[in-house]
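Single-structure report; data block below.
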Amino acid sequence: MEKVYFVTEKNAEILHDDFLSLRTLYTPVIGKDAVFLFTLLNDYHYINKTNMHYIPLEDLGKVMDLDWKELLIARKKLEAVGLIRTFEKSSNKHLIMRINKPLTPTAFRNNSLLYKEAMRKIDDIIFERVEFAIKQRTLDKSDFKEVSIKFQDI
């Protein structure tokens, strides 16, 4: 088999809340191999971000203990749900894999296809826990007066 090489790019920073959403909401839809591949691609992005050299795709399969076919299936699942986009330079089998942020729980809920598939395997309580954990919370400051100083006051 001809070697295929890849490099990663990201459209945005993937944060802890994104990984919580990924592990909890996406795993029932795309499976643990695809989720593991996503996290590994994110790791490889950090490993490779300073020198940006192409890495053999088979290295991912070795780390994940997957054969070529299983690795391809995991990649296609990530593409199908929009977590990665893959660009191929066919002349020399080089890939650019763009890593996309997972959907927030609210956006996930609004995607009827993903939401329906996830709900076949997890219940609303699990979903709501993740949704509540990720929501931005602000404290009620109506009974408070701001006392912060200005730069010119120092």
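Identifiers in this document derive from the order of the structure tokens: chains are assigned A, B, ..., residues are numbered from 1 separately in each chain, and ligands are numbered from 1 in order of occurrence.
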
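Using only C-alpha atoms, the protein and nucleic acid residues lying no more than 9 Å from range 39-44 of chain A, apart from those fewer than 3 places from it along its own chain, are A:Val7, A:Thr8, A:Glu9, A:Lys10, A:Ile14, A:Phe19, A:Ala34, A:Val35, A:Phe36, A:Ile47, A:Asn48, A:Lys49, A:Leu60, A:Val63, A:Met64, A:Met97, A:Ile99.
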
Compile a residue-level contact table for range 1-42 of chain A against range 121-128 of chain A at a cut-off of 12 Å, reporting for every qualifying residue the shortest atom pair and its distance in Å to one decimal, with only C-alpha atoms counted, rows ordered by chain and ascending number, as JSON lines.
{"residue": "A:Leu20", "atom": "CA", "partner": "A:Phe127", "partner_atom": "CA", "distance": 11.0}
{"residue": "A:Ser21", "atom": "CA", "partner": "A:Phe127", "partner_atom": "CA", "distance": 9.2}
{"residue": "A:Leu22", "atom": "CA", "partner": "A:Phe127", "partner_atom": "CA", "distance": 11.7}
{"residue": "A:Arg23", "atom": "CA", "partner": "A:Phe127", "partner_atom": "CA", "distance": 11.5}
{"residue": "A:Thr24", "atom": "CA", "partner": "A:Phe127", "partner_atom": "CA", "distance": 7.9}
{"residue": "A:Leu25", "atom": "CA", "partner": "A:Phe127", "partner_atom": "CA", "distance": 7.1}
{"residue": "A:Tyr26", "atom": "CA", "partner": "A:Ile122", "partner_atom": "CA", "distance": 10.6}
{"residue": "A:Thr27", "atom": "CA", "partner": "A:Lys121", "partner_atom": "CA", "distance": 9.7}
{"residue": "A:Pro28", "atom": "CA", "partner": "A:Lys121", "partner_atom": "CA", "distance": 6.1}
{"residue": "A:Val29", "atom": "CA", "partner": "A:Lys121", "partner_atom": "CA", "distance": 8.1}
{"residue": "A:Ile30", "atom": "CA", "partner": "A:Lys121", "partner_atom": "CA", "distance": 11.3}
{"residue": "A:Gly31", "atom": "CA", "partner": "A:Lys121", "partner_atom": "CA", "distance": 11.1}

With N, CA and C atoms retained, could you export that selection as a PDB file, in the first residue's frame?
ATOM      1  N   LEU A  20     -15.494  17.926  26.521  1.00  0.00           N
ATOM      2  CA  LEU A  20     -16.616  17.377  27.294  1.00  0.00           C
ATOM      3  C   LEU A  20     -17.784  17.079  26.363  1.00  0.00           C
ATOM      4  N   SER A  21     -18.089  18.017  25.507  1.00  0.00           N
ATOM      5  CA  SER A  21     -19.149  17.826  24.522  1.00  0.00           C
ATOM      6  C   SER A  21     -18.814  16.666  23.589  1.00  0.00           C
ATOM      7  N   LEU A  22     -17.578  16.626  23.126  1.00  0.00           N
ATOM      8  CA  LEU A  22     -17.133  15.561  22.221  1.00  0.00           C
ATOM      9  C   LEU A  22     -17.295  14.184  22.865  1.00  0.00           C
ATOM     10  N   ARG A  23     -16.732  14.028  24.059  1.00  0.00           N
ATOM     11  CA  ARG A  23     -16.744  12.710  24.709  1.00  0.00           C
ATOM     12  C   ARG A  23     -18.147  12.268  25.083  1.00  0.00           C
ATOM     13  N   THR A  24     -18.973  13.198  25.535  1.00  0.00           N
ATOM     14  CA  THR A  24     -20.283  12.818  26.042  1.00  0.00           C
ATOM     15  C   THR A  24     -21.358  12.755  24.967  1.00  0.00           C
ATOM     16  N   LEU A  25     -21.367  13.715  24.054  1.00  0.00           N
ATOM     17  CA  LEU A  25     -22.445  13.788  23.071  1.00  0.00           C
ATOM     18  C   LEU A  25     -22.114  13.103  21.750  1.00  0.00           C
ATOM     19  N   TYR A  26     -20.874  13.222  21.301  1.00  0.00           N
ATOM     20  CA  TYR A  26     -20.514  12.647  20.008  1.00  0.00           C
ATOM     21  C   TYR A  26     -20.211  11.149  20.072  1.00  0.00           C
ATOM     22  N   THR A  27     -19.661  10.673  21.189  1.00  0.00           N
ATOM     23  CA  THR A  27     -19.276   9.253  21.274  1.00  0.00           C
ATOM     24  C   THR A  27     -20.436   8.314  20.957  1.00  0.00           C
ATOM     25  N   PRO A  28     -21.644   8.550  21.492  1.00  0.00           N
ATOM     26  CA  PRO A  28     -22.739   7.645  21.129  1.00  0.00           C
ATOM     27  C   PRO A  28     -23.084   7.665  19.634  1.00  0.00           C
ATOM     28  N   VAL A  29     -22.745   8.748  18.960  1.00  0.00           N
ATOM     29  CA  VAL A  29     -23.084   8.893  17.535  1.00  0.00           C
ATOM     30  C   VAL A  29     -22.000   8.297  16.640  1.00  0.00           C
ATOM     31  N   ILE A  30     -20.726   8.595  16.920  1.00  0.00           N
ATOM     32  CA  ILE A  30     -19.647   8.181  16.004  1.00  0.00           C
ATOM     33  C   ILE A  30     -18.735   7.098  16.569  1.00  0.00           C
ATOM     34  N   GLY A  31     -18.833   6.809  17.846  1.00  0.00           N
ATOM     35  CA  GLY A  31     -18.047   5.730  18.435  1.00  0.00           C
ATOM     36  C   GLY A  31     -16.718   6.196  19.005  1.00  0.00           C
TER      37      GLY A  31
END

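Backbone DSSP assigns alpha helix (DSSP H) in range 87-122 of chain A to Pro105, Thr106, Ala107, Phe108, Arg109, Asn110, Ser112, Leu113, Leu114, Tyr115, Lys116, Glu117, Ala118 and Met119 of chain A.
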
Same residues, C-alpha atoms, saved as a PDB file, in the first residue's frame:
ATOM      1  CA  PRO A 105     -24.716  21.223  23.456  1.00  0.00           C
ATOM      2  CA  THR A 106     -27.241  23.843  22.317  1.00  0.00           C
ATOM      3  CA  ALA A 107     -26.045  23.666  18.708  1.00  0.00           C
ATOM      4  CA  PHE A 108     -25.912  19.859  18.981  1.00  0.00           C
ATOM      5  CA  ARG A 109     -29.535  19.843  20.169  1.00  0.00           C
ATOM      6  CA  ASN A 110     -30.484  22.052  17.189  1.00  0.00           C
ATOM      7  CA  SER A 112     -31.853  17.147  14.601  1.00  0.00           C
ATOM      8  CA  LEU A 113     -29.867  14.346  12.967  1.00  0.00           C
ATOM      9  CA  LEU A 114     -27.071  14.308  15.566  1.00  0.00           C
ATOM     10  CA  TYR A 115     -29.406  14.898  18.479  1.00  0.00           C
ATOM     11  CA  LYS A 116     -31.815  12.140  17.466  1.00  0.00           C
ATOM     12  CA  GLU A 117     -28.953   9.663  17.017  1.00  0.00           C
ATOM     13  CA  ALA A 118     -27.424  10.564  20.391  1.00  0.00           C
ATOM     14  CA  MET A 119     -30.794  10.266  22.143  1.00  0.00           C
TER      15      MET A 119
END

Need the shell around Glu2 in chain A: protein/DNA/RNA residues with any atom at most 12 Å away, counting only C-alpha atoms. Skip same-chain ones fewer than 2 positions apart. Format as a ChimeraX atom specification? /A:4-5,56-58,68,90,92-94

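What separates CA of Tyr54 in chain A from CA of Val81 in chain A is a distance of 24.7 Å.
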
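Nearest residue to Leu15 in chain A among A:Asn111, A:Lys101, A:Phe151, A:Arg120 is A:Lys101, counting only C-alpha atoms.
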
Using DSSP on the backbone, list every residue of chain A that comes out as strand (DSSP E), and give them as an mmCIF file with C-alpha atoms, in the first residue's frame.
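The resulting file, result-v4.cif, is reproduced below:
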data_model
loop_
_atom_site.group_PDB
_atom_site.id
_atom_site.type_symbol
_atom_site.label_atom_id
_atom_site.label_comp_id
_atom_site.auth_asym_id
_atom_site.auth_seq_id
_atom_site.Cartn_x
_atom_site.Cartn_y
_atom_site.Cartn_z
ATOM 1 C CA TYR A 5 0.949 11.543 4.856
ATOM 2 C CA PHE A 6 -0.986 14.177 6.761
ATOM 3 C CA VAL A 7 -0.660 17.496 8.519
ATOM 4 C CA THR A 8 -3.305 19.182 10.657
ATOM 5 C CA GLU A 9 -4.742 22.657 10.951
ATOM 6 C CA LYS A 10 -7.471 24.010 13.196
ATOM 7 C CA ILE A 55 3.437 12.545 9.221
ATOM 8 C CA PRO A 56 2.618 9.057 7.907
ATOM 9 C CA ILE A 84 -12.801 17.338 10.498
ATOM 10 C CA ARG A 85 -12.496 18.278 6.855
ATOM 11 C CA THR A 86 -9.934 16.471 4.745
ATOM 12 C CA PHE A 87 -8.135 17.920 1.732
ATOM 13 C CA GLU A 88 -6.090 15.618 -0.491
ATOM 14 C CA LYS A 89 -3.274 16.429 -2.868
ATOM 15 C CA HIS A 94 -0.648 14.245 1.147
ATOM 16 C CA LEU A 95 -3.612 15.234 3.310
ATOM 17 C CA ILE A 96 -4.477 18.349 5.233
ATOM 18 C CA MET A 97 -6.906 17.530 8.014
ATOM 19 C CA ARG A 98 -8.714 20.586 9.370
ATOM 20 C CA ILE A 99 -9.914 20.042 12.917
#

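Separating CA of Leu103 in chain A from CA of Arg129 in chain A is a distance of 15.6 Å.
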